[in-house]
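Here's the structure we're looking at; comments come further down.
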Protein chains: 2
Amino acid sequence: MPALYFTENEYQARLAATKVEMQTSGLDTLILSDPANIFYLTGFDAWAFYAPLFLVVAANEDQPIWIGRFMDAVSARDTTYMREENIRAYPDSFVQSTTSHPVQPVSEILKERRLDKGVIGVEMGAYYYTARIHAEFVNSLPNARFEDAELLVNRVRLVKSSAEQTYMRQAGRIVDAAMSAAVEKCAPGVRECDVVAEIYKAQISGLPDAGGVYTTSPPHFCADERVRTPHGLWTDRPLKRDAPLNIEIAGSRLHYHCPMTRTVFLGRPPDSYRRLAAAVVEGLNTTMGSIRPGMAAEEVELVWRGSIAKHGFEKEARLGYSIGLGFPPTWGERTVSLRPGDKTVLQPGMAFHCMSGLWLDDTGIAITQSFLVTEEGNEPLTQFERELVSIS
Amino acid sequence: MPALYFTENEYQARLAATKVEMQTSGLDTLILSDPANIFYLTGFDAWAFYAPLFLVVAANEDQPIWIGRFMDAVSARDTTYMREENIRAYPDSFVQSTTSHPVQPVSEILKERRLDKGVIGVEMGAYYYTARIHAEFVNSLPNARFEDAELLVNRVRLVKSSAEQTYMRQAGRIVDAAMSAAVEKCAPGVRECDVVAEIYKAQISGLPDAGGVYTTSPPHFCADERVRTPHGLWTDRPLKRDAPLNIEIAGSRLHYHCPMTRTVFLGRPPDSYRRLAAAVVEGLNTTMGSIRPGMAAEEVELVWRGSIAKHGFEKEARLGYSIGLGFPPTWGERTVSLRPGDKTVLQPGMAFHCMSGLWLDDTGIAITQSFLVTEEGNEPLTQFERELVSIS
């Protein structure tokens, strides 16, 4: 019997909530490609999405159907609650073939299960639902009508259960430890890659009572003149004295993520950095002080916007985004953004990364905070101090 | 001036080879989405493909056009040789918007550059070219005819230059070090996540003269009864005595990958494991002894097939695949497979991962070898001994 990360009841509740959304959208069948959504509904956990991988949710069936590459069916048996007959596979000859495509046998399975008719929802903009996959489905299932159901399950994921919140808190403790490991290793003359190596080690070892797993994205580690780069790669050059460094990382506990960004200054920060950091910290603290359920996502951003405007700053990019479960290439849930126009009402159990940072032409500061929305207000998921880290 | 990983001449040669293929395929314009192909032609290196990211190659223009999220344009300036006017961006409001899509401003840029007509090649099956992106392009550019150009650049990448071969050899030394770190840490009672933490640390620290970067895929680390799982995730349980463990990892030097898999036995391996390992090692050594340029990909597999058949074994999955440059979710190039039917002729400078492994119902052994095809035969990219590793 597989060691499930959640109770079978919790998986059933998720599936039921998904079916409610399917009914609202008029879908008979939902074909999922987003690995996070497949994981959410079944527990399926293996690196299998490099080849076409699907979870088929039929409105009239009690369990979804997993369909993937034959060798990865082993993992479906090992990590999900699903019945053997609902774990299906396509042969290896279809993988990266120049003459055939995995959707062909997948469509045969749908026909065999009489799921090739009616309205089929697909995740049009999900990372691994390629144009080719969609064209093959449309071609193979002429009796179906396809509708875009992107983000349908992502929206179900917005409010975290108690068990999910536990994993997110553990992820928060992991990223606290990883950032501490980074700061401890940082010193002029140390190669950037050797600092990042310590970050990875801390991320994966995790906590004594809760190990870490891979994060959706590598550390973004941008030193010196690259500090104004938001998503840059580390180098193997040594860190310089009197230079800034931005580190954006996450902790991941069973694929639940808690991100954090800090700016580190190797030496005494110049006034320009200290003033920018003060504005960011003030903006972040003011924002965190205001967040409570019932507020709209755009209202959160407005608090931040007002605070940094007092110092003459403005941020073009959104202030933050919904977090939780994630697989590469992003730990964002791709649903709610803290930005003008997003009227989503915050509810207890939602989680966000408040990406409070400012990138100017030649400087960049980011001091961020991930949090859960609670009944009373919010709960920060990390304890790492909100300040410009200075290493003397 | 950015620190390019290759000379500008080498980038120009790659672009020229791409244009030859475009001409053969009758393409006026090529829109690339595969991050590895974008990196290959320009050097662009940032974690930017979580949002729609394109490189547009026009048959009549001397430089491609980079188009991505506004904040990632900084990285295009930092890591490529491209002129400022060829680095274009869409505003943040298009990112994960419910009312608009990044392809809308991208299409406007194409119109402005008069690239909205004729035949446009797109990578239909590339991971990040979603069904939604394609539908938006078709809708926004009514004067163009779209053709599938998936793998066009991947095929150009097959033969590695001298500089690329250097990075692959470094990646080989990195994975040798990472596997050694894993074996050194493995012992009964040690948590799986703590072994994987050491693997990551070694992968990222890399070599004294060449640091590592993230690999496309996390370590596949499957212990005990999960040893028959090809792409499973580690746990935080302690390793058991007298149990097997499969470790599949890669080293990555500036995104050039060298993968390796080894089976480790914590204790004296039972006869069943030793017999299986002996068959795999014999099959691998026989195969490696035969590989030379001029051979077809399927012929390589035939040598392996013949060798393991003598011991009564058969492998359904392909024996191996082309490697080189890679971004998540796979270090395979998705072009050549070592399997029946693939008639690609091996040429000096091609590189492969010979994935010599056998998974039976309850056991699994993998002892693999990455190699370059040379003028004379082949060059193994790793030195780690080809054997079942036994930890007593």
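Going through the structure tokens in order, the chains are called A, B, and so on, while each chain numbers its residues from 1 and the ligands are numbered from 1 in the order shown.
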task = Assign secondary structure with DSSP using the backbone only, and return the residues of segment 36-250 of chain A in strand (DSSP E or B) as a count of residues only.
result = 43
inquiry  = Contacts from chain A to chain B, 7 Å maximum, only C-alpha atoms: show me the residue list as a VMD selection string.
reply    = chain A and resid 46 to 48 50 71 to 72 74 to 75 92 96 124 to 134 193 to 194 196 to 198 200 to 201 204 to 205 210 to 212 214 218 229 to 233 236 316 to 317 329 to 330 334
ask   = In terms of the shortest atom-to-atom distance over only C-alpha atoms, which of A:Ala163, A:Met82, A:Leu110, A:Leu388 is closest to Gly364 of chain A?
value =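 Looking at the shortest contact to Gly364 of chain A, the residue is A:Leu388.
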Test item, alpha helix (DSSP H) assignment across segment 119-281 of chain B, answer as a ChimeraX atom specification = /B:131-140,152-156,162-185,192-205,271-281
task = Tell me which protein, DNA and RNA residues are within 12 Å of Arg83 of chain A, counting only C-alpha atoms, leaving out same-chain ones fewer than 2 positions away, and put them as a list in words.
result = Met1, Pro2, Thr42, Asp62, Gln63, Pro64, Ile65, Trp66, Ala73, Ala76, Arg77, Asp78, Thr79, Thr80, Tyr81, Glu85, Asn86, Ile87 and Arg88 of chain A
key: Residues near Ala17 of chain A, cut-off 12 Å, only C-alpha atoms, skip fewer than 6 positions along chain, as a VMD selection string   = chain A and resid 10 to 11 23 to 24 40 to 41 57 59 152 to 159
Given the selection you just returned, output its residues as a file containing C-alpha atoms, formatted as a PDB file, in the first residue's frame.
```pdb
ATOM      1  CA  GLU A  10      -8.752  14.494   1.401  1.00  0.00           C
ATOM      2  CA  TYR A  11      -8.097  13.307  -2.150  1.00  0.00           C
ATOM      3  CA  GLN A  23     -20.303  20.867 -13.741  1.00  0.00           C
ATOM      4  CA  THR A  24     -20.339  24.664 -13.503  1.00  0.00           C
ATOM      5  CA  TYR A  40      -3.162  17.310  -6.198  1.00  0.00           C
ATOM      6  CA  LEU A  41      -5.920  14.936  -7.239  1.00  0.00           C
ATOM      7  CA  VAL A  57     -11.360  13.106 -14.706  1.00  0.00           C
ATOM      8  CA  ALA A  59     -17.815  13.466 -14.364  1.00  0.00           C
ATOM      9  CA  LEU A 152      -9.876  25.067 -13.111  1.00  0.00           C
ATOM     10  CA  VAL A 153      -8.031  22.811 -10.651  1.00  0.00           C
ATOM     11  CA  ASN A 154      -5.518  25.562  -9.803  1.00  0.00           C
ATOM     12  CA  ARG A 155      -8.425  27.583  -8.450  1.00  0.00           C
ATOM     13  CA  VAL A 156      -9.625  24.630  -6.374  1.00  0.00           C
ATOM     14  CA  ARG A 157      -6.099  24.561  -4.905  1.00  0.00           C
ATOM     15  CA  LEU A 158      -6.270  28.160  -3.660  1.00  0.00           C
ATOM     16  CA  VAL A 159      -7.513  27.423  -0.132  1.00  0.00           C
TER      17      VAL A 159
END
```
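Across B:Ser290, B:Asn60, B:Ser140, B:Thr374, the tightest approach to Lys111 of chain B is made by B:Ser140 when counting only C-alpha atoms.
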query = Excluding same-chain residues fewer than 5 positions from Ile120 of chain A, what lies within 12 Å of it counting only C-alpha atoms, as a list in words?
reply = Met22, Gln23, Ser25, Gly26, Leu27, Asp28, Thr29, Leu30, Ile31, Leu32, Val56, Val57, Ala58, Ala59, Leu110, Leu115, His134, Phe137, Val138, Leu141, Pro142, Asn143, Ala144, Arg145, Phe146, Glu147, Asp148, Ala149 and Glu150 of chain A
Could you take the residues named above and write them with N, CA, C and O atoms, as a compact mmCIF listing (two decimals), in the first residue's frame?
```txt
# COMPACT_ATOMS: atom_id res chain seq x y z
N MET A 22 -16.29 21.37 -12.71
CA MET A 22 -16.54 20.81 -14.04
C MET A 22 -18.01 21.00 -14.42
O MET A 22 -18.33 21.36 -15.55
N GLN A 23 -18.87 20.73 -13.47
CA GLN A 23 -20.30 20.87 -13.74
C GLN A 23 -20.65 22.32 -14.07
O GLN A 23 -21.35 22.60 -15.04
N SER A 25 -18.78 24.46 -15.35
CA SER A 25 -18.25 24.79 -16.68
C SER A 25 -18.84 23.94 -17.79
O SER A 25 -18.45 24.08 -18.95
N GLY A 26 -19.73 23.02 -17.44
CA GLY A 26 -20.38 22.19 -18.45
C GLY A 26 -19.45 21.15 -19.07
O GLY A 26 -19.59 20.81 -20.24
N LEU A 27 -18.52 20.64 -18.30
CA LEU A 27 -17.57 19.66 -18.83
C LEU A 27 -17.99 18.24 -18.48
O LEU A 27 -18.33 17.95 -17.32
N ASP A 28 -17.92 17.35 -19.46
CA ASP A 28 -18.15 15.93 -19.19
C ASP A 28 -16.88 15.26 -18.71
O ASP A 28 -16.90 14.35 -17.89
N THR A 29 -15.79 15.71 -19.28
CA THR A 29 -14.50 15.08 -19.00
C THR A 29 -13.45 16.19 -18.92
O THR A 29 -13.56 17.20 -19.62
N LEU A 30 -12.46 15.96 -18.07
CA LEU A 30 -11.38 16.94 -17.92
C LEU A 30 -10.06 16.19 -18.11
O LEU A 30 -9.82 15.18 -17.44
N ILE A 31 -9.25 16.66 -19.04
CA ILE A 31 -7.93 16.06 -19.24
C ILE A 31 -6.89 17.02 -18.67
O ILE A 31 -6.71 18.12 -19.17
N LEU A 32 -6.22 16.58 -17.61
CA LEU A 32 -5.23 17.43 -16.95
C LEU A 32 -3.82 17.10 -17.42
O LEU A 32 -3.48 15.92 -17.61
N VAL A 56 -7.20 11.90 -16.42
CA VAL A 56 -8.52 12.10 -17.01
C VAL A 56 -9.57 12.00 -15.91
O VAL A 56 -9.68 10.96 -15.25
N VAL A 57 -10.29 13.09 -15.71
CA VAL A 57 -11.36 13.11 -14.71
C VAL A 57 -12.69 13.07 -15.46
O VAL A 57 -13.01 13.98 -16.22
N ALA A 58 -13.44 11.99 -15.25
CA ALA A 58 -14.75 11.88 -15.89
C ALA A 58 -15.82 12.21 -14.86
O ALA A 58 -15.75 11.75 -13.72
N ALA A 59 -16.77 13.02 -15.30
CA ALA A 59 -17.82 13.47 -14.36
C ALA A 59 -18.52 12.27 -13.72
O ALA A 59 -18.90 12.33 -12.55
N LEU A 110 -9.32 6.53 -24.17
CA LEU A 110 -10.53 7.35 -23.93
C LEU A 110 -11.73 6.76 -24.66
O LEU A 110 -12.84 6.72 -24.12
N LEU A 115 -15.15 7.93 -23.25
CA LEU A 115 -14.95 9.33 -22.82
C LEU A 115 -14.54 10.20 -24.01
O LEU A 115 -13.95 11.27 -23.84
N HIS A 134 -2.46 19.07 -28.26
CA HIS A 134 -3.84 19.51 -28.51
C HIS A 134 -4.28 19.14 -29.92
O HIS A 134 -5.39 18.62 -30.13
N PHE A 137 -5.12 15.49 -30.07
CA PHE A 137 -6.41 15.17 -29.44
C PHE A 137 -7.58 15.56 -30.35
O PHE A 137 -8.52 14.79 -30.53
N VAL A 138 -7.51 16.77 -30.87
CA VAL A 138 -8.60 17.25 -31.73
C VAL A 138 -8.76 16.31 -32.93
O VAL A 138 -9.87 15.97 -33.34
N LEU A 141 -10.10 12.63 -31.62
CA LEU A 141 -11.39 12.52 -30.95
C LEU A 141 -12.41 13.43 -31.64
O LEU A 141 -12.83 14.46 -31.08
N PRO A 142 -12.84 13.06 -32.84
CA PRO A 142 -13.70 13.96 -33.63
C PRO A 142 -15.09 14.15 -33.02
O PRO A 142 -15.79 15.09 -33.39
N ASN A 143 -15.49 13.28 -32.11
CA ASN A 143 -16.83 13.40 -31.54
C ASN A 143 -16.88 14.28 -30.30
O ASN A 143 -17.93 14.46 -29.70
N ALA A 144 -15.74 14.78 -29.91
CA ALA A 144 -15.71 15.62 -28.70
C ALA A 144 -15.64 17.10 -29.07
O ALA A 144 -15.19 17.47 -30.16
N ARG A 145 -16.11 17.94 -28.16
CA ARG A 145 -15.91 19.39 -28.29
C ARG A 145 -14.94 19.79 -27.19
O ARG A 145 -15.13 19.43 -26.02
N PHE A 146 -13.89 20.52 -27.55
CA PHE A 146 -12.86 20.87 -26.57
C PHE A 146 -13.08 22.27 -26.04
O PHE A 146 -13.38 23.19 -26.79
N GLU A 147 -12.93 22.39 -24.73
CA GLU A 147 -13.01 23.73 -24.12
C GLU A 147 -11.80 23.95 -23.22
O GLU A 147 -11.24 23.01 -22.65
N ASP A 148 -11.44 25.21 -23.09
CA ASP A 148 -10.30 25.54 -22.24
C ASP A 148 -10.70 25.46 -20.77
O ASP A 148 -11.61 26.16 -20.33
N ALA A 149 -10.02 24.59 -20.04
CA ALA A 149 -10.27 24.47 -18.60
C ALA A 149 -8.98 24.75 -17.82
O ALA A 149 -8.77 24.23 -16.72
N GLU A 150 -8.13 25.58 -18.40
CA GLU A 150 -6.90 25.94 -17.69
C GLU A 150 -7.25 26.61 -16.37
O GLU A 150 -8.20 27.40 -16.31
```
task = Check the smallest atom-to-atom distance from each of B:Gln104, B:Ser322, B:Ser356, B:Gln347 to Ala278 of chain B using only C-alpha atoms, then report the winner.
result =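 For Ala278 of chain B, the nearest of the candidates is B:Ser356.
The coordinates place atom CA of Glu387 of chain A at 6.5 Å from atom CA of Val281 of chain A.
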key: Coordinates-based distance that separates atom CA of Gly326 of chain A from atom CA of Glu248 of chain A (Å, one decimal)   =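 Interatomic distance here is 15.9 Å.
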Surrounding residues of Pro105 of chain A excluding itself and chain neighbours under 6 positions, 9 Å, only C-alpha atoms, as a tab-separated table (two decimals) with all heavy atoms, in the first residue's frame:
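Ended up saving to around37.tsv:
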```tsv
chain	number	residue	atom	x	y	z
A	89	ALA	N	-1.12	2.98	-19.55
A	89	ALA	CA	0.17	3.43	-20.07
A	89	ALA	C	0.25	3.26	-21.57
A	89	ALA	O	-0.48	2.46	-22.15
A	89	ALA	CB	1.30	2.66	-19.40
A	90	TYR	N	1.13	4.04	-22.18
A	90	TYR	CA	1.42	3.83	-23.60
A	90	TYR	C	2.83	3.25	-23.74
A	90	TYR	O	3.69	3.50	-22.90
A	90	TYR	CB	1.25	5.12	-24.42
A	90	TYR	CG	2.02	6.32	-23.94
A	90	TYR	CD1	3.36	6.51	-24.28
A	90	TYR	CD2	1.41	7.31	-23.16
A	90	TYR	CE1	4.07	7.63	-23.85
A	90	TYR	CE2	2.11	8.43	-22.73
A	90	TYR	CZ	3.43	8.58	-23.08
A	90	TYR	OH	4.13	9.69	-22.65
A	91	PRO	N	3.04	2.45	-24.80
A	91	PRO	CA	4.34	1.77	-24.95
A	91	PRO	C	5.47	2.75	-25.25
A	91	PRO	O	5.25	3.87	-25.72
A	91	PRO	CB	4.12	0.85	-26.16
A	91	PRO	CG	2.65	0.82	-26.40
A	91	PRO	CD	2.10	2.09	-25.86
A	94	PHE	N	6.29	5.00	-28.49
A	94	PHE	CA	5.66	6.30	-28.78
A	94	PHE	C	6.45	7.50	-28.24
A	94	PHE	O	6.15	8.63	-28.56
A	94	PHE	CB	4.23	6.33	-28.21
A	94	PHE	CG	3.27	5.47	-28.99
A	94	PHE	CD1	3.05	4.15	-28.63
A	94	PHE	CD2	2.60	5.98	-30.09
A	94	PHE	CE1	2.18	3.35	-29.36
A	94	PHE	CE2	1.72	5.19	-30.82
A	94	PHE	CZ	1.51	3.87	-30.45
```
message = At a cut-off of 8 Å, using only C-alpha atoms, what residues contact Arg169 of chain A? Leave out same-chain residues fewer than 2 positions from it and give the result as an MDAnalysis selection string.
response = chainID A and resid 165:167 171:173 258 381:382
